[in-house]
Every structure is written in C-alpha cells, then in structure tokens.
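Working notes, structure below.
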Protein chains: 2
Amino acid sequence: MEIKVIRKVLDVNNIMAEQNRKMFAEKEVFVLNVMSSPGSGKTTILEKTLTYLKPEIKSAVIVGDICTTNDANRLAKTGVSVVQINTDKFGGDCHLAAHVVARAAENIDLDSVDLLIVENVGNLVCPAEFDIGEDARVVVLSVTEGEDKPVKYPLMFRVCDAALLNKTDLLPYLDYDKEETLKNISQIHPGMPVFEISAKTKDGFSPWIEWLKRNVRQKIN
Amino acid sequence: MEIKVIRKVLDVNNIMAEQNRKMFAEKEVFVLNVMSSPGSGKTTILEKTLTYLKPEIKSAVIVGDICTTNDANRLAKTGVSVVQINTDKFGGDCHLAAHVVARAAENIDLDSVDLLIVENVGNLVCPAEFDIGEDARVVVLSVTEGEDKPVKYPLMFRVCDAALLNKTDLLPYLDYDKEETLKNISQIHPGMPVFEISAKTKDGFSPWIEWLKRNVRQKIN
C-alpha cells in the first residue's frame, strides 16, 4: 500500500517539475539541486562557491530546511538573493518537492539571475526521488561519512551529475580509504566527475567552479 | 494532498507498532531504535557497544539499509544474531516501518535475547516519524556535522531518549562549539542525557553502557 501511495505523490511531482523546467528555460536560468546528508557541508561549500562565481555568474539560492533560517542567514551574507523554505509548513517534509520550489522561486527576480542553486533538505534518500525541474544535481559527501555511502544510498549517486567529496582537510586524522570511496562512486555512476574539496581551506575549488561555470554558460548563452 | 496521504501511512504504522510492542513485552525483550544521519558512526558504535554488553546482556540486531549487507557483516563479527533489512524491496524506503521490523524479528530467537537493537536507515528526518514498537530511541550525532542539527531536525531530537555525540576524537581538528550543540539539544529536549563518545578510541563509553544496561534491566527483571 505504502509503495503505491508514494508512486502517486511522485507522479504529481513530476508534472510540477516539468512546469518548473519550462519556466526556468524561458527565463534562461540554470538550476542546480545540491543534496547530501545533514552536516556534510553544503552551506559552507555554497558560501565559498557563490563568492567564486561573482561577478561573472549572477546567482540566487533557495534553501530547504525543516526548521530554522540559519542557512539562509549565512548565505545572504554573500550578497545574493536567498529564499528559505521551511518544510515544517508542508508536513515536515524530508525533501523539496517541485511545487514548493515553484512557490519559493516566485520570490526571486529570475530575469536578473543566471544560476539558481537549490540547497535541498539534508537527506541522502528522499530528495533523490523528487525532480524539482533542475538542470543538474550535485551530491556532497564528506570524508567523515565513510567509504560505503555511494553503495548504501545508490539512487542519490545515480541521479547526480557530479559529486563533491568535502572536508579533505580532515583526511590526516581519519582511517579513510579515499580510493575505496572513488571506486564505490564509479561502480554506481561510472564516469561521474568527483571534485575533492575542503570548504574550510578552499582547497580544490577551481575544477568544481570551472565545471559549474561551463554548465551554466552552456544553458544561458 | 501529500500530507493527508502520509498521515494515513503513519496511522497504519502506529497500529503495527503497538502489535510489535505487545510481542516484545511478552518476550521480555528491550528494543532500542538507533537513528542518525548517514555516516555518523552508528555501526561502529554498535560494534563496540555489543562487545561491552557481553556476557551480561544478550543482544541481537536488526540493521536497516536501502542496499548492501555491509553493516550486518560488520556486526555479525561481534557474535550476536544480526538480521539485515534492505528497504529497496519495500520501495527504497528511507526508514524502517513497524511491519518491516516485525518481519525481520521473525528471524530472531527472541526467547534467548534481552536486548534487540534496531539500527535504522541513515536519515535524520523520516525514521523519527515511524514508531516501530521500541522501548527507547537514541540519536547519534557526530561532531563533524556541526552545531545546529538539533534545531534543524527537531523532531528527531524530541522523540529520542538519549543522544550520543560521536567522533569526539576529531574535536582538536574542527572549528566546533560543543557547548553550542549541547545548548541546542537542551533547547529541543530539555534534560535528555547526552553521552560524548568516540567509537574509534572507545572514549566515554562507560556512562552510555551503564545507561543502556539500566534501561534493559528495568524491563527484563
């Protein structure tokens, strides 16, 4: 029963996502859906990323959390438009659904934006099932989370277009087999680019920023 | 619509959870539901915990993952009975539902067990909504996940009876305000015990093991 019910919710979501995709195409806005476990460093990565993209790429952010406006407050300091969604108004949802993103996007001047980043609710499972009308999906995985997450949460790694392996500054203090992680990612999604970064030290950001800029330019030019 | 649908699923689950609770009471088994984000260290904590509980407390484990039997393989090495649930057979569920736990429990000789530990799917959101018929709930939070998780995922911290703050061995290498985390936990769930541990170094395990033994004894004696 449960499975059938969830299928219906996903069908409705897919229709709304296609409406979003059409709207974003008309506005020539590239939409990036950023997903991960809680605490893997999405917000810190976005703080740094938004700064690197300026002034070339004009960005805005939609931040999804069940509660609090902590992340929006942090991201607003970068000077871009930020809209916080609190899903507790939508039943405490563990993901951003397409209709929720559509409502949040009404608060952003899409005509003056090249890139809309959606920071999803911290969750490696459910957000992977909900298309929001994005152009690309990125999963953040921190090195403190262990090597086997790609094989334990395969849908997330399958639907994403790139992975960010964050907190590499902590590698000297962990029993962590980075090659094993890369092998696991490649098993689930062969050929997907993986960018090794430290949002704390800004190490490794160049290839990631270049990848993102290239993808944005392909759509808006 | 979505919210109404989810309510119905939860109502059915609550009925099944009460059936589980009655069955576990008849068998005099204490059931602990362990929840957290992916990669916060649940399995490593349980490896150590199961060893500390022997021979006084006879344990068994049900492990929930979407895919893989990695965690079950690791826990089986401690010598206790382990049943792995892969929720991909249940639609890739992001949580363990009561009926799934009931089916897994059929594979455990409950007459010879004092404590049944359920390691839930890695997710700080959905598992908090699904009663599985447990006696106590514990949330694991690692210090690498930042200070604000309790306020961003409040339901999880509200429904739990204790929190384990893991990976304290990494504190010297992080910009982390432990007092802020404890304040946030206490704001969401005043008085809830918080055990600061390192599953890697086994630091801080005694108070946690004592708390767990005391709770198990209260039920089985």
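Letters for chains follow the order of the structure tokens (A, B, ...), residue numbers begin at 1 for each chain, and ligand numbers begin at 1 in the order shown.
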
### Message
With only C-alpha atoms as the counted atoms, please give the residues lying no more than 7 Å from Val83 of chain A, apart from itself and same-chain residues fewer than 5 positions off, as an NGL selection string.
### Response
:A and (61-63 or 72 or 104)

### Query
Which of segment 66-153 of chain A counts as strand (DSSP E or B) under DSSP, as a ChimeraX atom specification please?
/A:81-86,115-119,136-142

Superposed chain A (on chain B, all in-order C-alpha pairs) as a CSV table (one decimal) with C-alpha atoms, in the first residue's frame:
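Ended up saving to selection01.csv:
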```
chain,number,residue,atom,x,y,z
A,1,MET,CA,-2.8,16.1,-0.6
A,2,GLU,CA,0.7,14.8,0.1
A,3,ILE,CA,0.3,15.5,3.9
A,4,LYS,CA,-3.0,13.6,4.1
A,5,VAL,CA,-1.5,10.6,2.3
A,6,ILE,CA,1.4,10.5,4.7
A,7,ARG,CA,-0.9,10.7,7.7
A,8,LYS,CA,-2.7,7.6,6.6
A,9,VAL,CA,0.6,5.7,6.2
A,10,LEU,CA,1.6,6.8,9.7
A,11,ASP,CA,-1.8,5.6,11.2
A,12,VAL,CA,-1.3,2.1,9.8
A,13,ASN,CA,2.2,2.1,11.1
A,14,ASN,CA,1.1,3.0,14.6
A,15,ILE,CA,-1.2,0.1,14.8
A,16,MET,CA,1.6,-2.3,13.6
A,17,ALA,CA,4.0,-0.7,16.1
A,18,GLU,CA,1.6,-1.4,19.0
A,19,GLN,CA,1.4,-5.1,17.9
A,20,ASN,CA,5.2,-5.2,17.9
A,21,ARG,CA,5.4,-3.5,21.4
A,22,LYS,CA,3.0,-6.2,22.8
A,23,MET,CA,5.0,-9.0,21.3
A,24,PHE,CA,8.3,-7.6,22.6
A,25,ALA,CA,6.8,-7.2,26.1
A,26,GLU,CA,5.6,-10.8,26.1
A,27,LYS,CA,9.1,-11.9,25.1
A,28,GLU,CA,10.7,-9.6,27.7
A,29,VAL,CA,12.9,-8.0,25.1
A,30,PHE,CA,14.0,-4.4,25.4
A,31,VAL,CA,14.0,-2.8,22.0
A,32,LEU,CA,16.3,0.2,21.2
A,33,ASN,CA,15.9,2.2,18.0
A,34,VAL,CA,19.2,3.8,16.9
A,35,MET,CA,18.9,6.7,14.4
A,36,SER,CA,21.2,9.2,12.8
A,37,SER,CA,22.4,10.8,9.5
A,38,PRO,CA,24.3,8.6,7.1
A,39,GLY,CA,27.9,8.3,8.3
A,40,SER,CA,27.6,9.5,11.9
A,41,GLY,CA,29.0,6.2,13.1
A,42,LYS,CA,26.1,4.1,14.2
A,43,THR,CA,27.6,0.8,13.1
A,44,THR,CA,31.0,1.4,14.8
A,45,ILE,CA,29.2,2.5,18.0
A,46,LEU,CA,27.2,-0.7,17.9
A,47,GLU,CA,30.2,-2.9,17.3
A,48,LYS,CA,31.8,-1.5,20.5
A,49,THR,CA,28.5,-1.4,22.5
A,50,LEU,CA,27.7,-5.1,21.7
A,51,THR,CA,31.1,-6.2,23.0
A,52,TYR,CA,30.7,-4.2,26.2
A,53,LEU,CA,27.3,-5.6,26.9
A,54,LYS,CA,28.5,-9.2,26.8
A,55,PRO,CA,28.0,-11.5,28.6
A,56,GLU,CA,25.6,-9.7,30.9
A,57,ILE,CA,23.1,-8.6,28.3
A,58,LYS,CA,22.2,-11.0,25.4
A,59,SER,CA,21.7,-8.9,22.3
A,60,ALA,CA,20.5,-9.2,18.7
A,61,VAL,CA,20.5,-6.6,16.0
A,62,ILE,CA,18.2,-5.7,13.1
A,63,VAL,CA,20.0,-3.5,10.6
A,64,GLY,CA,18.1,-1.3,8.1
A,65,ASP,CA,19.7,-0.1,4.9
A,66,ILE,CA,18.4,0.6,1.5
A,67,CYS,CA,21.0,-1.6,-0.1
A,68,THR,CA,24.0,-3.7,0.9
A,69,THR,CA,24.7,-6.0,3.8
A,70,ASN,CA,27.9,-4.2,4.8
A,71,ASP,CA,26.7,-3.2,8.3
A,72,ALA,CA,25.2,-6.7,9.1
A,73,ASN,CA,28.5,-8.3,8.1
A,74,ARG,CA,30.4,-6.0,10.4
A,75,LEU,CA,28.0,-6.5,13.4
A,76,ALA,CA,27.9,-10.3,12.9
A,77,LYS,CA,31.6,-10.4,13.8
A,78,THR,CA,30.6,-9.5,17.4
A,79,GLY,CA,28.9,-12.9,17.7
A,80,VAL,CA,25.3,-11.7,18.1
A,81,SER,CA,22.4,-12.6,15.8
A,82,VAL,CA,22.0,-10.0,13.0
A,83,VAL,CA,19.2,-9.6,10.5
A,84,GLN,CA,19.7,-7.2,7.6
A,85,ILE,CA,16.7,-5.5,6.1
A,86,ASN,CA,17.2,-4.0,2.6
A,87,THR,CA,14.4,-1.5,2.1
A,88,ASP,CA,14.9,-1.5,-1.7
A,89,LYS,CA,12.4,-4.4,-1.6
A,90,PHE,CA,10.0,-2.1,0.1
A,91,GLY,CA,10.2,0.8,-2.4
A,92,GLY,CA,13.6,2.1,-1.3
A,93,ASP,CA,12.2,3.2,2.0
A,94,CYS,CA,14.1,5.9,3.9
A,95,HIS,CA,13.1,4.5,7.3
A,96,LEU,CA,12.1,1.2,8.9
A,97,ALA,CA,8.4,0.8,9.2
A,98,ALA,CA,6.8,-1.3,12.0
A,99,HIS,CA,5.7,-4.1,9.7
A,100,VAL,CA,9.2,-4.4,8.3
A,101,VAL,CA,10.7,-4.8,11.8
A,102,ALA,CA,8.0,-7.4,12.6
A,103,ARG,CA,9.1,-9.5,9.6
A,104,ALA,CA,12.8,-9.2,10.5
A,105,ALA,CA,12.1,-10.1,14.1
A,106,GLU,CA,10.6,-13.5,13.0
A,107,ASN,CA,14.2,-14.4,12.1
A,108,ILE,CA,15.5,-13.9,15.7
A,109,ASP,CA,15.1,-16.2,18.6
A,110,LEU,CA,13.6,-13.6,20.9
A,111,ASP,CA,13.3,-16.0,23.8
A,112,SER,CA,17.1,-16.0,24.1
A,113,VAL,CA,17.5,-12.2,23.8
A,114,ASP,CA,17.4,-9.4,26.4
A,115,LEU,CA,18.1,-6.5,24.0
A,116,LEU,CA,17.1,-6.1,20.4
A,117,ILE,CA,18.9,-3.1,18.8
A,118,VAL,CA,17.4,-1.8,15.6
A,119,GLU,CA,19.9,0.2,13.5
A,120,ASN,CA,17.7,2.4,11.4
A,121,VAL,CA,18.3,3.7,7.9
A,122,GLY,CA,20.7,6.7,7.9
A,123,ASN,CA,18.3,9.6,7.9
A,124,LEU,CA,17.7,12.4,10.5
A,125,VAL,CA,14.1,13.0,9.3
A,126,CYS,CA,11.8,10.2,8.3
A,127,PRO,CA,12.7,7.5,10.9
A,128,ALA,CA,11.7,9.9,13.7
A,129,GLU,CA,8.1,9.7,12.4
A,130,PHE,CA,7.8,5.9,12.4
A,131,ASP,CA,7.2,4.1,15.7
A,132,ILE,CA,8.5,0.6,15.4
A,133,GLY,CA,7.3,-0.6,18.8
A,134,GLU,CA,10.6,0.2,20.5
A,135,ASP,CA,11.2,0.9,24.2
A,136,ALA,CA,13.8,3.7,23.7
A,137,ARG,CA,15.2,5.8,20.9
A,138,VAL,CA,18.7,7.1,20.6
A,139,VAL,CA,20.0,9.6,18.1
A,140,VAL,CA,23.7,9.7,17.1
A,141,LEU,CA,25.2,13.0,16.1
A,142,SER,CA,28.8,13.3,15.1
A,143,VAL,CA,30.8,16.4,15.9
A,144,THR,CA,31.7,16.8,12.2
A,145,GLU,CA,28.0,17.5,11.4
A,146,GLY,CA,28.0,21.0,13.0
A,147,GLU,CA,26.2,22.5,16.0
A,148,ASP,CA,22.8,23.3,14.6
A,149,LYS,CA,21.4,19.8,13.7
A,150,PRO,CA,19.2,19.6,16.8
A,151,VAL,CA,17.4,22.8,15.9
A,152,LYS,CA,17.2,21.9,12.1
A,153,TYR,CA,15.9,18.4,12.7
A,154,PRO,CA,14.0,19.0,15.9
A,155,LEU,CA,11.5,16.0,15.7
A,156,MET,CA,14.4,13.5,15.9
A,157,PHE,CA,15.8,15.1,19.0
A,158,ARG,CA,12.4,15.5,20.5
A,159,VAL,CA,11.3,11.8,20.2
A,160,CYS,CA,14.7,10.4,21.4
A,161,ASP,CA,15.5,9.4,24.9
A,162,ALA,CA,19.3,9.9,24.7
A,163,ALA,CA,21.8,11.4,22.3
A,164,LEU,CA,25.3,10.1,21.5
A,165,LEU,CA,27.7,12.8,20.4
A,166,ASN,CA,30.3,10.8,18.5
A,167,LYS,CA,33.7,11.3,16.9
A,168,THR,CA,35.0,13.4,19.8
A,169,ASP,CA,38.5,12.3,18.8
A,170,LEU,CA,38.2,14.8,15.9
A,171,LEU,CA,37.4,17.8,18.1
A,172,PRO,CA,41.0,19.2,18.0
A,173,TYR,CA,40.8,19.4,14.2
A,174,LEU,CA,37.4,21.1,13.9
A,175,ASP,CA,36.0,24.6,14.4
A,176,TYR,CA,33.3,23.2,16.6
A,177,ASP,CA,31.4,24.7,19.5
A,178,LYS,CA,30.4,21.7,21.6
A,179,GLU,CA,28.6,23.8,24.2
A,180,GLU,CA,26.5,25.4,21.4
A,181,THR,CA,25.5,21.8,20.4
A,182,LEU,CA,24.6,20.8,23.9
A,183,LYS,CA,22.6,24.1,24.3
A,184,ASN,CA,20.7,23.3,21.1
A,185,ILE,CA,19.9,19.8,22.2
A,186,SER,CA,18.7,21.0,25.6
A,187,GLN,CA,16.5,23.7,23.9
A,188,ILE,CA,14.7,21.0,21.8
A,189,HIS,CA,14.6,18.3,24.5
A,190,PRO,CA,15.4,19.6,28.0
A,191,GLY,CA,17.0,17.1,30.3
A,192,MET,CA,17.8,14.5,27.7
A,193,PRO,CA,21.0,12.7,28.5
A,194,VAL,CA,23.9,13.3,26.0
A,195,PHE,CA,26.8,10.9,26.0
A,196,GLU,CA,30.0,12.2,24.5
A,197,ILE,CA,31.9,9.3,22.9
A,198,SER,CA,34.5,8.3,20.4
A,199,ALA,CA,33.6,5.0,18.8
A,200,LYS,CA,37.1,5.0,17.4
A,201,THR,CA,39.0,5.4,20.7
A,202,LYS,CA,36.2,4.0,22.9
A,203,ASP,CA,36.4,7.2,24.9
A,204,GLY,CA,33.4,7.9,27.1
A,205,PHE,CA,31.6,4.6,26.6
A,206,SER,CA,31.1,3.8,30.3
A,207,PRO,CA,28.2,6.2,31.1
A,208,TRP,CA,26.4,5.2,27.9
A,209,ILE,CA,26.8,1.4,28.6
A,210,GLU,CA,25.6,1.9,32.1
A,211,TRP,CA,22.5,3.9,30.9
A,212,LEU,CA,21.7,1.2,28.4
A,213,LYS,CA,22.1,-1.7,30.9
A,214,ARG,CA,20.0,0.1,33.5
A,215,ASN,CA,17.2,0.6,30.9
A,216,VAL,CA,17.3,-3.1,29.7
A,217,ARG,CA,17.3,-4.4,33.3
A,218,GLN,CA,14.3,-2.3,34.2
A,219,LYS,CA,12.3,-4.1,31.6
A,220,ILE,CA,13.6,-7.6,31.7
A,221,ASN,CA,13.7,-8.0,35.5
```

### DSSP-assigned alpha helix (DSSP H) among segment 99-183 of chain A, expressed as a ChimeraX atom specification
/A:99-105,149-152,154-159,178-183

Any chance you could export the current selection's N, CA and C atoms as a PDB file, in the first residue's frame?
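out-v4.pdb written:
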```pdb
ATOM      1  N   HIS A  99       6.510  21.653  -6.314  1.00  0.00           N
ATOM      2  CA  HIS A  99       5.575  22.769  -6.100  1.00  0.00           C
ATOM      3  C   HIS A  99       6.093  23.727  -5.019  1.00  0.00           C
ATOM      4  N   VAL A 100       6.871  23.220  -4.114  1.00  0.00           N
ATOM      5  CA  VAL A 100       7.452  24.060  -3.054  1.00  0.00           C
ATOM      6  C   VAL A 100       8.536  24.970  -3.646  1.00  0.00           C
ATOM      7  N   VAL A 101       9.340  24.389  -4.557  1.00  0.00           N
ATOM      8  CA  VAL A 101      10.378  25.175  -5.238  1.00  0.00           C
ATOM      9  C   VAL A 101       9.729  26.251  -6.109  1.00  0.00           C
ATOM     10  N   ALA A 102       8.619  25.898  -6.777  1.00  0.00           N
ATOM     11  CA  ALA A 102       7.924  26.865  -7.631  1.00  0.00           C
ATOM     12  C   ALA A 102       7.457  28.065  -6.806  1.00  0.00           C
ATOM     13  N   ARG A 103       6.928  27.779  -5.623  1.00  0.00           N
ATOM     14  CA  ARG A 103       6.432  28.871  -4.782  1.00  0.00           C
ATOM     15  C   ARG A 103       7.586  29.753  -4.291  1.00  0.00           C
ATOM     16  N   ALA A 104       8.698  29.120  -3.949  1.00  0.00           N
ATOM     17  CA  ALA A 104       9.866  29.885  -3.484  1.00  0.00           C
ATOM     18  C   ALA A 104      10.433  30.742  -4.614  1.00  0.00           C
ATOM     19  N   ALA A 105      10.425  30.196  -5.843  1.00  0.00           N
ATOM     20  CA  ALA A 105      11.004  30.906  -6.990  1.00  0.00           C
ATOM     21  C   ALA A 105      10.238  32.180  -7.316  1.00  0.00           C
ATOM     22  N   LYS A 149      28.993   4.993   1.531  1.00  0.00           N
ATOM     23  CA  LYS A 149      27.726   5.694   1.283  1.00  0.00           C
ATOM     24  C   LYS A 149      27.226   5.564  -0.164  1.00  0.00           C
ATOM     25  N   PRO A 150      28.100   5.634  -1.180  1.00  0.00           N
ATOM     26  CA  PRO A 150      27.584   5.508  -2.551  1.00  0.00           C
ATOM     27  C   PRO A 150      26.858   4.186  -2.792  1.00  0.00           C
ATOM     28  N   VAL A 151      27.355   3.088  -2.212  1.00  0.00           N
ATOM     29  CA  VAL A 151      26.679   1.801  -2.451  1.00  0.00           C
ATOM     30  C   VAL A 151      25.484   1.614  -1.522  1.00  0.00           C
ATOM     31  N   LYS A 152      25.460   2.329  -0.387  1.00  0.00           N
ATOM     32  CA  LYS A 152      24.323   2.202   0.536  1.00  0.00           C
ATOM     33  C   LYS A 152      23.169   3.125   0.153  1.00  0.00           C
ATOM     34  N   PRO A 154      22.444   4.263  -3.262  1.00  0.00           N
ATOM     35  CA  PRO A 154      22.834   4.316  -4.682  1.00  0.00           C
ATOM     36  C   PRO A 154      21.993   5.257  -5.536  1.00  0.00           C
ATOM     37  N   LEU A 155      20.701   5.400  -5.225  1.00  0.00           N
ATOM     38  CA  LEU A 155      19.867   6.245  -6.090  1.00  0.00           C
ATOM     39  C   LEU A 155      20.423   7.666  -6.151  1.00  0.00           C
ATOM     40  N   MET A 156      20.810   8.198  -4.983  1.00  0.00           N
ATOM     41  CA  MET A 156      21.359   9.559  -4.943  1.00  0.00           C
ATOM     42  C   MET A 156      22.550   9.711  -5.880  1.00  0.00           C
ATOM     43  N   PHE A 157      23.456   8.728  -5.842  1.00  0.00           N
ATOM     44  CA  PHE A 157      24.665   8.840  -6.656  1.00  0.00           C
ATOM     45  C   PHE A 157      24.366   8.559  -8.135  1.00  0.00           C
ATOM     46  N   ARG A 158      23.296   7.807  -8.382  1.00  0.00           N
ATOM     47  CA  ARG A 158      22.920   7.503  -9.763  1.00  0.00           C
ATOM     48  C   ARG A 158      22.300   8.729 -10.446  1.00  0.00           C
ATOM     49  N   VAL A 159      21.467   9.488  -9.701  1.00  0.00           N
ATOM     50  CA  VAL A 159      20.744  10.605 -10.337  1.00  0.00           C
ATOM     51  C   VAL A 159      21.587  11.878 -10.420  1.00  0.00           C
ATOM     52  N   LYS A 178      40.209   6.768   0.605  1.00  0.00           N
ATOM     53  CA  LYS A 178      39.605   7.610  -0.435  1.00  0.00           C
ATOM     54  C   LYS A 178      39.425   6.844  -1.739  1.00  0.00           C
ATOM     55  N   GLU A 179      40.399   6.017  -2.090  1.00  0.00           N
ATOM     56  CA  GLU A 179      40.303   5.260  -3.342  1.00  0.00           C
ATOM     57  C   GLU A 179      39.095   4.322  -3.330  1.00  0.00           C
ATOM     58  N   GLU A 180      38.805   3.762  -2.150  1.00  0.00           N
ATOM     59  CA  GLU A 180      37.639   2.882  -1.998  1.00  0.00           C
ATOM     60  C   GLU A 180      36.350   3.675  -2.276  1.00  0.00           C
ATOM     61  N   THR A 181      36.279   4.894  -1.743  1.00  0.00           N
ATOM     62  CA  THR A 181      35.112   5.755  -1.991  1.00  0.00           C
ATOM     63  C   THR A 181      34.958   6.041  -3.487  1.00  0.00           C
ATOM     64  N   LEU A 182      36.066   6.419  -4.123  1.00  0.00           N
ATOM     65  CA  LEU A 182      36.009   6.742  -5.553  1.00  0.00           C
ATOM     66  C   LEU A 182      35.590   5.520  -6.367  1.00  0.00           C
ATOM     67  N   LYS A 183      36.057   4.359  -5.943  1.00  0.00           N
ATOM     68  CA  LYS A 183      35.693   3.101  -6.620  1.00  0.00           C
ATOM     69  C   LYS A 183      34.190   2.845  -6.454  1.00  0.00           C
TER      70      LYS A 183
END
```
